[in-house]
Amino acid sequence: MIASVDIETSCGVTECPGFGLSNSSKCEHAVHFKQNKIDIIGVWDGQAYFQFNEVQAFDQWLDNTKARIVGHGFKFDYKTLKAKGSRLHPRAVFGDTQLLGACVHNKIPAGYLKAYNEKRKELNAPLPPKQRHRVGTPLTLKTMAPFYLGVEPFWENPTSHDDPNYNRKDCEYTYRLHEKLVALTEQDGTYKFYKDYLVPWQKLLAEAEYEGVLIDEKMLHSMYGEATRELRTLEEEIHGVVGDCFRAYRNTLVDDLRSDSNSRLERYLETRLKDKSKSKAVKKRYKEALTKAEKELPTQFNLASSQQVLRILEWAGIDTAVEKRDKETNNWIEKEGTDKYVLKRAKVYTKNEFASKLLKYREKETEVSYLKQYINAVVGGRIHCTLSIVGTRTGRLSSSGPNLQNVKGSLRLPFLIADPTLYDIYTVDSSQIEPRVIAYLTADQEMVELFRQGRDYHNYATHKFFEETRVIPEQDIKKSEPSLRRTAKTGDLSIIYGTGAYTFQTMLLLREEMAIPIERCKEMVQSFRDGMKGVIGWKQNLENQYKGGTRIHDRFGFLVQARDDASIHMTLFNTFVQGMASRMIFHASLMAFRDFCAMGIDAKPLLWVHDEVVWRFPKAHSEFCRKLVDKRMTCYKLETPHGNVPLDVEGNLASCWQK
DNA sequence: TTCGGTAGCGCG
DNA sequence: AAAGCGCGCTACCGAA
């Protein structure tokens with residue numbers, strides 16, 4: 001028997017002012033599986049609706065019926081149920097309509113969503129803030145049920161989320177949606193991908209999110225304190241330098257206030273004031289208000305304001321002109337910017353010291369804001385991010401709440417990941433998986449041979465970029481031409497995806513602080529492309545097929561799609577390579593995890609950063625586990641007419657997360 | 001006061 | 001076409 005399940009939750013932190021509220025401005029506890037409480041567990045078995053308030057009753061029902069459960073975005077429900085003591089086993093979880101929705105070809109069109117969200121806006125207007133209808137996306141039940149089932153859109157009262165009637169509706173619609181979307185995906189030929197990969201992947205993610213990663217809170221706080229102090233020093237230094245500039249800026253603000261005050265006063269005296277004898281008193285009032293406003297003006301620049309930084313940069317003689325693409329017309333337009341590119345340009349081309357100062361400040365400021373995020377995210381000594389498997393078009397994972405896929409290398413020290421007395425932490429990444437996947441897909445003979453012979457891709461690329469280096473044996477490039485190799489490394493992957501000379505120049509400036517004339521960049525890009533004719537040709541052919549309506553699937557059965565609002569040339573091939581690489585790594589972690597489970601070894605992957613996986617291994621078995629994980633990551637058969645492309649991994653066993 | 005868009009930045 | 005792609009988060013800022 002299949003049954004759909006949906007739970008309603010609210011803040012479960014008794015000392016929180018939002019306690020018991022499902023959707024309040026007080027807190028976000030209702031959506032954290034460790035901080036929420038369950039108000040309703042609703043179940044629809046196709047015939048009848050049941051409701052439980054206690055997980056024990058739900059477990060009892062599950063034991064009796066042996067139901068196979070479907071849900072919508074059920075990972076959250078699963079974690080919450082488990083955290084409240086439910087014995088719900090992953091085996092009992094049969095499907096998820098959100099994952100099905102990601103697989104069906106006929107997705108909700110943009111126009112439909114637009115209409116939905118306009119209606120939403122209308123209904124939201126009279127509602128109190130923070131208690132409004134949430135935005136409808138292509139994968140929310142609120143939009144999927146009306147679209148695929150033809151039922152009326154249903155607008156829950158957002159202030160009382162625990163209304164049993166709404167829960168019943170959610171359960172029923174999930175149940176019907178499941179039947180409908182299974183049929184649709186079977187027609188589309190995507191059901192197999194959903195069943196064999198997405199559902200098991202989702203279950204693995206649920207286990208990892210549930211466990212979370214252990215944090216050394218003491219270290220985290222001390223790093224935050226230290227970074228904050230350093231930031232303050234850098235900030236003071238900058239404010240000390242820009243004093244003149246600030247006073248000029250402040251004068252313009254004062255002038256603005258005065259002229260604004262004057263014009264409002266005049267208008268008032270002319271049009272509103274009937275009793276002219278009161279004009280003196282009015283003037284006095286305006287004068288006082290003006291003085292007060294002037295007193296409240298800032299006493300120093302806000303360095304987080306790009307508008308104000310722009311003034312500083314102009315004062316410091318830094319060129320702020322940048323050229324960007326207009327989103328609508330796709331034309332190049334002149335703009336002003338204060339970003340890293342502008343600052344590095346000033347630092348490298350004109351040796352501007354102020355630019356260096358600001359770069360240092362910005363870097364520290366980012367560290368502080370990241371550390372703050374992590375401090376706020378710790379619950380019970382751990383951070384539990386959410387890993388979304390349908391959040392990206394490419395099929396990569398995305399991480400949120402907080403995003404643990406963009407943690408600066410220098411900030412990874414407090415991430416113990418798991419109890420160091422019991423576990424070793426294994427950080428393993430797949431070496432150069434994207435060019436390897438490219439070699440496999442394109443079956444380019446040179447690239448296949450390159451990897452088969454265990455050679456280095458960046459050395460190879462250096463030969464493609466710089467004709468004059470071809471007299472040097474490839475294996476000697478790294479030590480005899482390190483600078484050229486770094487240049488090649490900067491562009492050897494992205495140029496295949498579409499990077500041109502101008503972007504290449506920018507990347508060289510940002511990453512290597514190299515100042516290369518554009519003509520030289522053009523030559524390098526051209527030279528590289530000429531050397532990669534096989535790969536570029538395959539890419540072109542893929543794009544032509546896609547334009548002709550061919551459905552492109554990767555070896556997992558994943559449908560490869562270009563971005564709607566961008567050119568196929570820029571996104572299709574990248575999507576194929578990036579996504580497939582990520583699926584290979586993720587699936588390898590599932591295979592290894594299953595191996596460990598079968599052997600009774602308590603090893604688990606806890607974090608995925610695209611081509612990097614962070615595991616915890618029981619100390620007694622870590623060497624064995626390491627070998628098995630490496631094997632699972634490298635055992636894919638990437639067959640080409642020129643032989644199989646080998647894979648390679650680089651792993652590090654330690655007591656915390658390694659860079 | 002809130003909302004939505006933008007700028008900027010981190011990771012792969 | 002001077003065409004890298006893929007994400008999430010914070011602060012700012014103008015409009016409502």
# chains A, B, ... in the order shown; residues from 1 in each chain; ligands from 1

call {"tool": "interface_residues", "arguments": {"of": "chain B", "to": "chain A", "cutoff": "9 Å", "atoms": "only C-alpha atoms (C1' of nucleotides)", "output": "MDAnalysis selection string"}}
result
chainID B and resid 2 7:12

call {"tool": "residues_around", "arguments": {"residues": "stretch 3-15 of chain A", "least_positions_apart": "4", "cutoff": "6 Å", "atoms": "only C-alpha atoms (C1' of nucleotides)", "output": "MDAnalysis selection string"}}
result
chainID A and resid 19:22 29:30 35:45 69:71 162 171 175

call {"tool": "interface_residues", "arguments": {"of": "chain A", "to": "chain C", "cutoff": "10 Å", "atoms": "only C-alpha atoms (C1' of nucleotides)", "output": "ChimeraX atom specification"}}
result
/A:304-307,325,330-332,366,369-370,373,391-406,491,493-504,518,522,566-567,569-575,578-579,610

call {"tool": "select_by_dssp", "arguments": {"residues": "stretch 69-288 of chain A", "states": "strand (DSSP E)", "output": "list in words"}}
result
Ile69, Val70, Gly71, Val93, Phe94, Gly95, Asp96, Val213, Leu214 and Ile215 of chain A

call {"tool": "write_last_selection", "arguments": {"atoms": "N, CA and C atoms", "output": "mmCIF file, in the first residue's frame"}}
result
data_model
loop_
_atom_site.group_PDB
_atom_site.id
_atom_site.type_symbol
_atom_site.label_atom_id
_atom_site.label_comp_id
_atom_site.auth_asym_id
_atom_site.auth_seq_id
_atom_site.Cartn_x
_atom_site.Cartn_y
_atom_site.Cartn_z
ATOM 1 N N ILE A 69 5.750 5.022 1.795
ATOM 2 C CA ILE A 69 5.405 6.433 1.937
ATOM 3 C C ILE A 69 5.881 7.272 0.750
ATOM 4 N N VAL A 70 5.001 8.162 0.322
ATOM 5 C CA VAL A 70 5.442 9.200 -0.608
ATOM 6 C C VAL A 70 5.191 10.558 0.038
ATOM 7 N N GLY A 71 6.015 11.500 -0.297
ATOM 8 C CA GLY A 71 5.849 12.842 0.253
ATOM 9 C C GLY A 71 6.260 13.875 -0.772
ATOM 10 N N VAL A 93 10.381 4.666 2.778
ATOM 11 C CA VAL A 93 10.147 5.840 1.936
ATOM 12 C C VAL A 93 10.223 5.418 0.471
ATOM 13 N N PHE A 94 9.103 5.580 -0.213
ATOM 14 C CA PHE A 94 9.004 5.051 -1.571
ATOM 15 C C PHE A 94 9.249 6.106 -2.635
ATOM 16 N N GLY A 95 8.757 7.298 -2.419
ATOM 17 C CA GLY A 95 8.901 8.293 -3.483
ATOM 18 C C GLY A 95 8.730 9.718 -3.002
ATOM 19 N N ASP A 96 8.988 10.638 -3.924
ATOM 20 C CA ASP A 96 8.925 12.053 -3.596
ATOM 21 C C ASP A 96 8.472 12.827 -4.836
ATOM 22 N N VAL A 213 27.462 18.377 10.693
ATOM 23 C CA VAL A 213 28.913 18.347 10.892
ATOM 24 C C VAL A 213 29.254 18.997 12.230
ATOM 25 N N LEU A 214 30.137 18.334 12.949
ATOM 26 C CA LEU A 214 30.527 18.798 14.288
ATOM 27 C C LEU A 214 31.427 20.024 14.176
ATOM 28 N N ILE A 215 31.185 20.999 15.042
ATOM 29 C CA ILE A 215 31.941 22.253 14.995
ATOM 30 C C ILE A 215 32.715 22.443 16.299
#

call {"tool": "residues_around", "arguments": {"residues": "stretch 443-458 of chain A", "least_positions_apart": "3", "cutoff": "9 Å", "atoms": "only C-alpha atoms (C1' of nucleotides)", "output": "ChimeraX atom specification"}}
result
/A:432,435-436,438-440,461-463,474-475,478,485-486,488-489,492,532,534-535,538,639-647

call {"tool": "write_last_selection", "arguments": {"atoms": "N, CA, C and O atoms", "output": "short mmCIF file (atom, residue, chain, number, x, y, z; two decimals), in the first residue's frame"}}
result
data_model
loop_
_atom_site.label_atom_id
_atom_site.label_comp_id
_atom_site.auth_asym_id
_atom_site.auth_seq_id
_atom_site.Cartn_x
_atom_site.Cartn_y
_atom_site.Cartn_z
N GLN A 432 41.04 16.66 -11.49
CA GLN A 432 40.77 17.08 -12.87
C GLN A 432 39.67 16.26 -13.51
O GLN A 432 39.80 15.78 -14.63
N PRO A 435 38.14 17.82 -17.19
CA PRO A 435 38.82 17.48 -18.45
C PRO A 435 38.78 15.97 -18.77
O PRO A 435 38.75 15.59 -19.94
N ARG A 436 38.75 15.14 -17.74
CA ARG A 436 38.64 13.70 -17.99
C ARG A 436 37.29 13.35 -18.60
O ARG A 436 37.21 12.55 -19.54
N ILE A 438 35.52 15.38 -20.29
CA ILE A 438 35.57 15.93 -21.65
C ILE A 438 36.27 14.94 -22.58
O ILE A 438 35.82 14.67 -23.70
N ALA A 439 37.37 14.38 -22.11
CA ALA A 439 38.09 13.39 -22.93
C ALA A 439 37.20 12.20 -23.25
O ALA A 439 37.15 11.71 -24.37
N TYR A 440 36.44 11.76 -22.25
CA TYR A 440 35.55 10.62 -22.44
C TYR A 440 34.44 10.94 -23.42
O TYR A 440 34.19 10.19 -24.37
N ALA A 461 48.24 21.56 -21.78
CA ALA A 461 47.62 22.80 -22.23
C ALA A 461 48.66 23.89 -22.49
O ALA A 461 48.49 24.73 -23.37
N THR A 462 49.73 23.89 -21.72
CA THR A 462 50.78 24.89 -21.92
C THR A 462 51.36 24.77 -23.34
O THR A 462 51.61 25.77 -24.01
N HIS A 463 51.55 23.54 -23.79
CA HIS A 463 52.00 23.33 -25.17
C HIS A 463 51.00 23.87 -26.18
O HIS A 463 51.38 24.42 -27.22
N GLU A 474 57.10 17.69 -22.23
CA GLU A 474 55.89 18.03 -21.47
C GLU A 474 56.08 17.91 -19.96
O GLU A 474 55.65 18.76 -19.20
N GLN A 475 56.77 16.84 -19.54
CA GLN A 475 56.90 16.60 -18.10
C GLN A 475 57.81 17.64 -17.43
O GLN A 475 57.82 17.75 -16.20
N LYS A 478 56.41 22.06 -15.86
CA LYS A 478 56.09 22.57 -14.52
C LYS A 478 57.30 23.25 -13.88
O LYS A 478 57.17 24.29 -13.24
N ARG A 485 52.80 27.97 -17.35
CA ARG A 485 51.88 26.91 -16.95
C ARG A 485 50.72 27.49 -16.14
O ARG A 485 49.57 27.10 -16.31
N ARG A 486 51.03 28.43 -15.25
CA ARG A 486 49.96 29.07 -14.46
C ARG A 486 49.00 29.82 -15.37
O ARG A 486 47.80 29.81 -15.17
N ALA A 488 48.36 29.06 -18.48
CA ALA A 488 47.57 28.04 -19.17
C ALA A 488 46.50 27.48 -18.24
O ALA A 488 45.33 27.34 -18.63
N LYS A 489 46.90 27.22 -17.01
CA LYS A 489 45.98 26.64 -16.04
C LYS A 489 44.76 27.52 -15.81
O LYS A 489 43.65 27.04 -15.57
N ASP A 492 42.67 26.85 -19.29
CA ASP A 492 42.60 25.63 -20.10
C ASP A 492 41.27 24.88 -20.02
O ASP A 492 40.97 24.05 -20.87
N MET A 532 42.76 22.48 -29.96
CA MET A 532 41.73 21.62 -29.38
C MET A 532 40.59 21.42 -30.37
O MET A 532 39.42 21.37 -29.98
N GLY A 534 39.45 18.93 -32.07
CA GLY A 534 38.60 17.75 -31.88
C GLY A 534 37.52 18.00 -30.84
O GLY A 534 36.33 17.71 -31.06
N VAL A 535 37.93 18.58 -29.73
CA VAL A 535 37.01 18.84 -28.62
C VAL A 535 35.97 19.89 -29.01
O VAL A 535 34.76 19.71 -28.84
N TRP A 538 33.43 18.54 -31.43
CA TRP A 538 32.43 17.68 -30.78
C TRP A 538 31.38 18.51 -30.08
O TRP A 538 30.18 18.24 -30.14
N GLU A 639 34.67 4.43 -21.40
CA GLU A 639 35.17 3.79 -22.62
C GLU A 639 35.16 4.73 -23.82
O GLU A 639 34.20 5.46 -24.04
N THR A 640 36.25 4.70 -24.56
CA THR A 640 36.31 5.42 -25.84
C THR A 640 37.00 4.49 -26.84
O THR A 640 37.63 3.51 -26.44
N PRO A 641 36.90 4.82 -28.14
CA PRO A 641 37.58 3.98 -29.15
C PRO A 641 39.10 3.95 -28.95
O PRO A 641 39.77 3.09 -29.48
N HIS A 642 39.61 4.92 -28.19
CA HIS A 642 41.05 4.98 -27.98
C HIS A 642 41.45 4.42 -26.61
O HIS A 642 42.57 4.63 -26.16
N GLY A 643 40.53 3.73 -25.98
CA GLY A 643 40.80 3.17 -24.67
C GLY A 643 39.99 3.87 -23.59
O GLY A 643 39.33 4.89 -23.85
N ASN A 644 40.04 3.34 -22.38
CA ASN A 644 39.26 3.93 -21.28
C ASN A 644 40.01 5.10 -20.65
O ASN A 644 41.22 5.02 -20.43
N VAL A 645 39.25 6.13 -20.32
CA VAL A 645 39.85 7.27 -19.63
C VAL A 645 39.92 6.93 -18.13
O VAL A 645 38.89 6.66 -17.51
N PRO A 646 41.10 6.95 -17.55
CA PRO A 646 41.21 6.63 -16.12
C PRO A 646 40.81 7.82 -15.25
O PRO A 646 40.87 8.97 -15.69
N LEU A 647 40.39 7.52 -14.03
CA LEU A 647 40.09 8.57 -13.06
C LEU A 647 41.13 8.52 -11.96
O LEU A 647 41.82 7.52 -11.77
#

call {"tool": "select_by_dssp", "arguments": {"residues": "stretch 468-578 of chain A", "states": "helix (DSSP H, G or I)", "output": "PyMOL selection string"}}
result
chain A and resi 468-471+474-480+482-491+494-497+501-512+518-531+533-547+568-578

call {"tool": "atom_distance", "arguments": {"atom1": "atom CA of A:Leu220", "atom2": "atom CA of A:Ser622"}}
result
26.6 Å

call {"tool": "residues_around", "arguments": {"residues": "A:Leu371", "least_positions_apart": "5", "cutoff": "8 Å", "atoms": "only C-alpha atoms (C1' of nucleotides)", "output": "PyMOL selection string"}}
result
chain A and resi 220+223-224+411

call {"tool": "write_last_selection", "arguments": {"atoms": "N, CA and C atoms", "output": "compact mmCIF listing (two decimals), in the first residue's frame"}}
result
# COMPACT_ATOMS: atom_id res chain seq x y z
N LEU A 220 35.85 28.46 16.65
CA LEU A 220 35.05 29.32 15.77
C LEU A 220 34.92 30.72 16.38
N MET A 223 38.26 32.57 16.41
CA MET A 223 38.60 33.06 15.06
C MET A 223 37.78 34.29 14.71
N TYR A 224 36.51 34.26 15.11
CA TYR A 224 35.64 35.40 14.84
C TYR A 224 36.13 36.65 15.56
N LEU A 411 39.02 28.98 6.56
CA LEU A 411 38.01 28.95 7.63
C LEU A 411 37.54 27.53 7.92

call {"tool": "atom_distance", "arguments": {"atom1": "atom CA of A:Thr490", "atom2": "atom CA of A:Ser527"}}
result
14.8 Å

call {"tool": "closest_residue", "arguments": {"among": "A:Asn302, A:Gln51, A:Thr469, A:Ser483", "to": "A:Asn167", "atoms": "only C-alpha atoms"}}
result
A:Gln51

call {"tool": "atom_distance", "arguments": {"atom1": "atom CA of A:Glu236", "atom2": "atom CA of A:Lys295"}}
result
21.6 Å

call {"tool": "residues_around", "arguments": {"residues": "stretch 247-263 of chain A", "least_positions_apart": "5", "cutoff": "9 Å", "atoms": "only C-alpha atoms (C1' of nucleotides)", "output": "mmCIF file with N, CA, C and O atoms, in the first residue's frame"}}
result
data_model
loop_
_atom_site.group_PDB
_atom_site.id
_atom_site.type_symbol
_atom_site.label_atom_id
_atom_site.label_comp_id
_atom_site.auth_asym_id
_atom_site.auth_seq_id
_atom_site.Cartn_x
_atom_site.Cartn_y
_atom_site.Cartn_z
ATOM 1 N N VAL A 242 41.028 58.448 4.241
ATOM 2 C CA VAL A 242 40.041 59.079 3.359
ATOM 3 C C VAL A 242 39.320 60.273 4.002
ATOM 4 O O VAL A 242 38.280 60.704 3.510
ATOM 5 N N TYR A 268 5.546 74.788 1.788
ATOM 6 C CA TYR A 268 4.610 74.791 2.907
ATOM 7 C C TYR A 268 4.057 76.197 3.152
ATOM 8 O O TYR A 268 2.859 76.391 3.317
ATOM 9 N N TYR A 286 11.403 74.211 11.119
ATOM 10 C CA TYR A 286 12.179 73.622 10.018
ATOM 11 C C TYR A 286 13.669 73.678 10.310
ATOM 12 O O TYR A 286 14.418 72.754 10.030
ATOM 13 N N LYS A 287 14.071 74.800 10.875
ATOM 14 C CA LYS A 287 15.490 74.995 11.183
ATOM 15 C C LYS A 287 15.969 73.938 12.194
ATOM 16 O O LYS A 287 17.023 73.322 12.036
ATOM 17 N N ALA A 289 14.586 71.043 12.781
ATOM 18 C CA ALA A 289 14.574 69.715 12.150
ATOM 19 C C ALA A 289 15.822 69.513 11.302
ATOM 20 O O ALA A 289 16.425 68.435 11.279
ATOM 21 N N LEU A 290 16.210 70.595 10.634
ATOM 22 C CA LEU A 290 17.392 70.521 9.772
ATOM 23 C C LEU A 290 18.649 70.268 10.606
ATOM 24 O O LEU A 290 19.469 69.411 10.270
ATOM 25 N N ALA A 293 18.718 66.735 11.663
ATOM 26 C CA ALA A 293 19.058 65.829 10.558
ATOM 27 C C ALA A 293 20.556 65.879 10.272
ATOM 28 O O ALA A 293 21.180 64.850 9.994
ATOM 29 N N GLU A 294 21.113 67.079 10.352
ATOM 30 C CA GLU A 294 22.553 67.214 10.097
ATOM 31 C C GLU A 294 23.368 66.458 11.144
ATOM 32 O O GLU A 294 24.382 65.847 10.834
ATOM 33 N N LEU A 297 23.709 62.804 10.441
ATOM 34 C CA LEU A 297 24.470 62.354 9.261
ATOM 35 C C LEU A 297 25.631 61.464 9.709
ATOM 36 O O LEU A 297 26.141 61.615 10.816
ATOM 37 N N PRO A 298 26.048 60.547 8.841
ATOM 38 C CA PRO A 298 27.137 59.641 9.216
ATOM 39 C C PRO A 298 28.423 60.396 9.514
ATOM 40 O O PRO A 298 28.655 61.487 8.980
ATOM 41 N N THR A 299 29.240 59.814 10.403
ATOM 42 C CA THR A 299 30.504 60.451 10.756
ATOM 43 C C THR A 299 31.673 59.858 9.980
ATOM 44 O O THR A 299 32.801 60.339 10.061
ATOM 45 N N GLN A 300 31.397 58.790 9.299
ATOM 46 C CA GLN A 300 32.449 58.223 8.439
ATOM 47 C C GLN A 300 31.800 57.422 7.312
ATOM 48 O O GLN A 300 30.606 57.133 7.346
ATOM 49 N N PHE A 301 32.597 57.058 6.319
ATOM 50 C CA PHE A 301 32.075 56.297 5.187
ATOM 51 C C PHE A 301 31.582 54.921 5.624
ATOM 52 O O PHE A 301 32.129 54.319 6.552
ATOM 53 N N GLN A 308 29.260 54.683 -1.944
ATOM 54 C CA GLN A 308 30.239 55.515 -1.239
ATOM 55 C C GLN A 308 31.666 55.129 -1.605
ATOM 56 O O GLN A 308 32.535 55.987 -1.750
ATOM 57 N N ARG A 311 32.864 56.828 -4.673
ATOM 58 C CA ARG A 311 33.391 58.188 -4.453
ATOM 59 C C ARG A 311 34.836 58.130 -3.965
ATOM 60 O O ARG A 311 35.677 58.923 -4.385
#

call {"tool": "residues_around", "arguments": {"residues": "A:Leu198", "least_positions_apart": "2", "cutoff": "12 Å", "atoms": "only C-alpha atoms (C1' of nucleotides)", "output": "MDAnalysis selection string"}}
result
chainID A and resid 94:103 190:196 200:205 388:390 395:397 556:558 583 586:587 590

call {"tool": "write_last_selection", "arguments": {"atoms": "N, CA, C and O atoms", "output": "CSV table (one decimal), in the first residue's frame"}}
result
chain,number,residue,atom,x,y,z
A,94,PHE,N,9.1,5.6,-0.2
A,94,PHE,CA,9.0,5.1,-1.6
A,94,PHE,C,9.2,6.1,-2.6
A,94,PHE,O,9.9,5.8,-3.6
A,95,GLY,N,8.8,7.3,-2.4
A,95,GLY,CA,8.9,8.3,-3.5
A,95,GLY,C,8.7,9.7,-3.0
A,95,GLY,O,8.4,10.0,-1.9
A,96,ASP,N,9.0,10.6,-3.9
A,96,ASP,CA,8.9,12.1,-3.6
A,96,ASP,C,8.5,12.8,-4.8
A,96,ASP,O,9.1,12.8,-5.9
A,97,THR,N,7.4,13.5,-4.7
A,97,THR,CA,6.8,14.2,-5.9
A,97,THR,C,7.6,15.4,-6.3
A,97,THR,O,7.6,15.8,-7.5
A,98,GLN,N,8.4,15.9,-5.4
A,98,GLN,CA,9.3,17.0,-5.8
A,98,GLN,C,10.4,16.5,-6.7
A,98,GLN,O,10.7,17.2,-7.7
A,99,LEU,N,10.9,15.3,-6.4
A,99,LEU,CA,11.9,14.8,-7.3
A,99,LEU,C,11.3,14.4,-8.7
A,99,LEU,O,12.0,14.5,-9.7
A,100,LEU,N,10.1,13.8,-8.6
A,100,LEU,CA,9.4,13.5,-9.9
A,100,LEU,C,9.2,14.7,-10.7
A,100,LEU,O,9.4,14.7,-11.9
A,101,GLY,N,8.8,15.8,-10.0
A,101,GLY,CA,8.6,17.1,-10.8
A,101,GLY,C,9.8,17.6,-11.5
A,101,GLY,O,9.8,18.2,-12.5
A,102,ALA,N,11.0,17.2,-10.9
A,102,ALA,CA,12.2,17.7,-11.5
A,102,ALA,C,12.6,16.8,-12.8
A,102,ALA,O,13.3,17.2,-13.6
A,103,CYS,N,11.9,15.6,-12.8
A,103,CYS,CA,12.3,14.7,-13.9
A,103,CYS,C,11.3,14.8,-15.1
A,103,CYS,O,11.6,14.4,-16.2
A,190,THR,N,12.1,9.0,-18.1
A,190,THR,CA,12.9,9.5,-17.0
A,190,THR,C,12.7,8.9,-15.7
A,190,THR,O,13.3,9.1,-14.7
A,191,TYR,N,11.7,8.0,-15.6
A,191,TYR,CA,11.3,7.3,-14.4
A,191,TYR,C,12.5,6.5,-13.8
A,191,TYR,O,12.7,6.5,-12.6
A,192,LYS,N,13.2,5.9,-14.7
A,192,LYS,CA,14.3,5.0,-14.2
A,192,LYS,C,15.4,5.9,-13.5
A,192,LYS,O,15.9,5.5,-12.5
A,193,PHE,N,15.7,7.0,-14.1
A,193,PHE,CA,16.6,7.9,-13.4
A,193,PHE,C,16.1,8.3,-12.0
A,193,PHE,O,16.9,8.3,-11.0
A,194,TYR,N,14.9,8.7,-12.0
A,194,TYR,CA,14.2,9.0,-10.7
A,194,TYR,C,14.4,7.9,-9.7
A,194,TYR,O,14.8,8.1,-8.5
A,195,LYS,N,14.0,6.7,-10.1
A,195,LYS,CA,13.9,5.6,-9.2
A,195,LYS,C,15.3,5.0,-8.8
A,195,LYS,O,15.5,4.8,-7.6
A,196,ASP,N,16.1,4.9,-9.8
A,196,ASP,CA,17.4,4.3,-9.5
A,196,ASP,C,18.4,5.2,-8.9
A,196,ASP,O,19.4,4.8,-8.2
A,200,PRO,N,17.3,7.2,-4.2
A,200,PRO,CA,18.4,6.7,-3.2
A,200,PRO,C,19.3,7.9,-2.9
A,200,PRO,O,19.8,7.9,-1.7
A,201,TRP,N,19.6,8.7,-3.8
A,201,TRP,CA,20.5,9.9,-3.5
A,201,TRP,C,19.9,10.7,-2.4
A,201,TRP,O,20.6,11.2,-1.4
A,202,GLN,N,18.6,11.0,-2.5
A,202,GLN,CA,17.9,11.8,-1.6
A,202,GLN,C,18.0,11.2,-0.2
A,202,GLN,O,18.1,11.9,0.8
A,203,LYS,N,17.9,9.9,-0.1
A,203,LYS,CA,17.9,9.2,1.2
A,203,LYS,C,19.3,9.4,1.8
A,203,LYS,O,19.4,9.6,3.1
A,204,LEU,N,20.3,9.3,1.0
A,204,LEU,CA,21.7,9.5,1.5
A,204,LEU,C,21.9,10.9,2.1
A,204,LEU,O,22.4,11.1,3.1
A,205,LEU,N,21.3,11.9,1.3
A,205,LEU,CA,21.4,13.3,1.8
A,205,LEU,C,20.7,13.5,3.1
A,205,LEU,O,21.2,14.2,4.0
A,388,SER,N,20.4,20.4,-1.6
A,388,SER,CA,19.3,20.3,-2.5
A,388,SER,C,19.7,19.6,-3.8
A,388,SER,O,20.7,19.9,-4.4
A,389,ILE,N,19.0,18.6,-4.2
A,389,ILE,CA,19.4,17.8,-5.3
A,389,ILE,C,18.6,18.2,-6.6
A,389,ILE,O,18.9,17.8,-7.7
A,390,VAL,N,17.6,19.0,-6.4
A,390,VAL,CA,16.9,19.5,-7.6
A,390,VAL,C,17.0,21.0,-7.7
A,390,VAL,O,16.2,21.7,-8.4
A,395,GLY,N,22.2,19.4,-12.3
A,395,GLY,CA,22.2,18.2,-11.5
A,395,GLY,C,23.2,18.2,-10.4
A,395,GLY,O,23.3,17.2,-9.6
A,396,ARG,N,24.0,19.2,-10.3
A,396,ARG,CA,24.8,19.3,-9.1
A,396,ARG,C,24.0,19.5,-7.9
A,396,ARG,O,22.8,19.9,-8.0
A,397,LEU,N,24.6,19.3,-6.7
A,397,LEU,CA,23.9,19.7,-5.4
A,397,LEU,C,24.1,21.1,-5.2
A,397,LEU,O,25.0,21.8,-5.7
A,556,PHE,N,23.8,8.4,-16.7
A,556,PHE,CA,22.9,8.1,-15.6
A,556,PHE,C,21.4,8.1,-16.1
A,556,PHE,O,20.5,7.8,-15.4
A,557,GLY,N,21.2,8.7,-17.3
A,557,GLY,CA,19.8,8.9,-17.8
A,557,GLY,C,19.4,10.3,-17.5
A,557,GLY,O,18.2,10.6,-17.6
A,558,PHE,N,20.3,11.1,-17.0
A,558,PHE,CA,19.9,12.5,-16.7
A,558,PHE,C,19.8,13.3,-18.0
A,558,PHE,O,20.6,13.2,-18.9
A,583,ARG,N,27.6,13.9,-10.7
A,583,ARG,CA,26.8,12.6,-10.5
A,583,ARG,C,27.7,11.5,-10.2
A,583,ARG,O,27.5,10.6,-9.4
A,586,PHE,N,29.0,11.7,-6.7
A,586,PHE,CA,28.0,11.5,-5.7
A,586,PHE,C,27.6,10.1,-5.6
A,586,PHE,O,27.5,9.5,-4.6
A,587,HIS,N,27.4,9.5,-6.8
A,587,HIS,CA,27.0,8.1,-6.8
A,587,HIS,C,28.0,7.2,-6.3
A,587,HIS,O,27.7,6.2,-5.6
A,590,LEU,N,27.6,7.0,-2.7
A,590,LEU,CA,26.5,6.1,-2.3
A,590,LEU,C,26.9,4.6,-2.3
A,590,LEU,O,26.6,3.8,-1.4

call {"tool": "decode", "arguments": {"residues": "stretch 4-15 of chain C", "atoms": "C-alpha atoms (C1' of nucleotides)", "output": "PDB file, in the first residue's frame"}}
result
ATOM      1  C1'  DG C   4      33.191  30.413 -19.153  1.00  0.00           C
ATOM      2  C1'  DC C   5      29.473  27.729 -16.200  1.00  0.00           C
ATOM      3  C1'  DG C   6      27.121  26.376 -11.679  1.00  0.00           C
ATOM      4  C1'  DC C   7      25.447  27.858  -6.903  1.00  0.00           C
ATOM      5  C1'  DG C   8      23.927  30.903  -1.882  1.00  0.00           C
ATOM      6  C1'  DC C   9      24.461  34.838   1.289  1.00  0.00           C
ATOM      7  C1'  DT C  10      24.885  39.695   2.989  1.00  0.00           C
ATOM      8  C1'  DA C  11      24.340  44.499   2.766  1.00  0.00           C
ATOM      9  C1'  DC C  12      22.684  48.293   0.381  1.00  0.00           C
ATOM     10  C1'  DC C  13      19.215  51.032  -1.961  1.00  0.00           C
ATOM     11  C1'  DG C  14      15.277  52.768  -4.354  1.00  0.00           C
ATOM     12  C1'  DA C  15      10.348  51.978  -4.863  1.00  0.00           C
TER      13       DA C  15
END
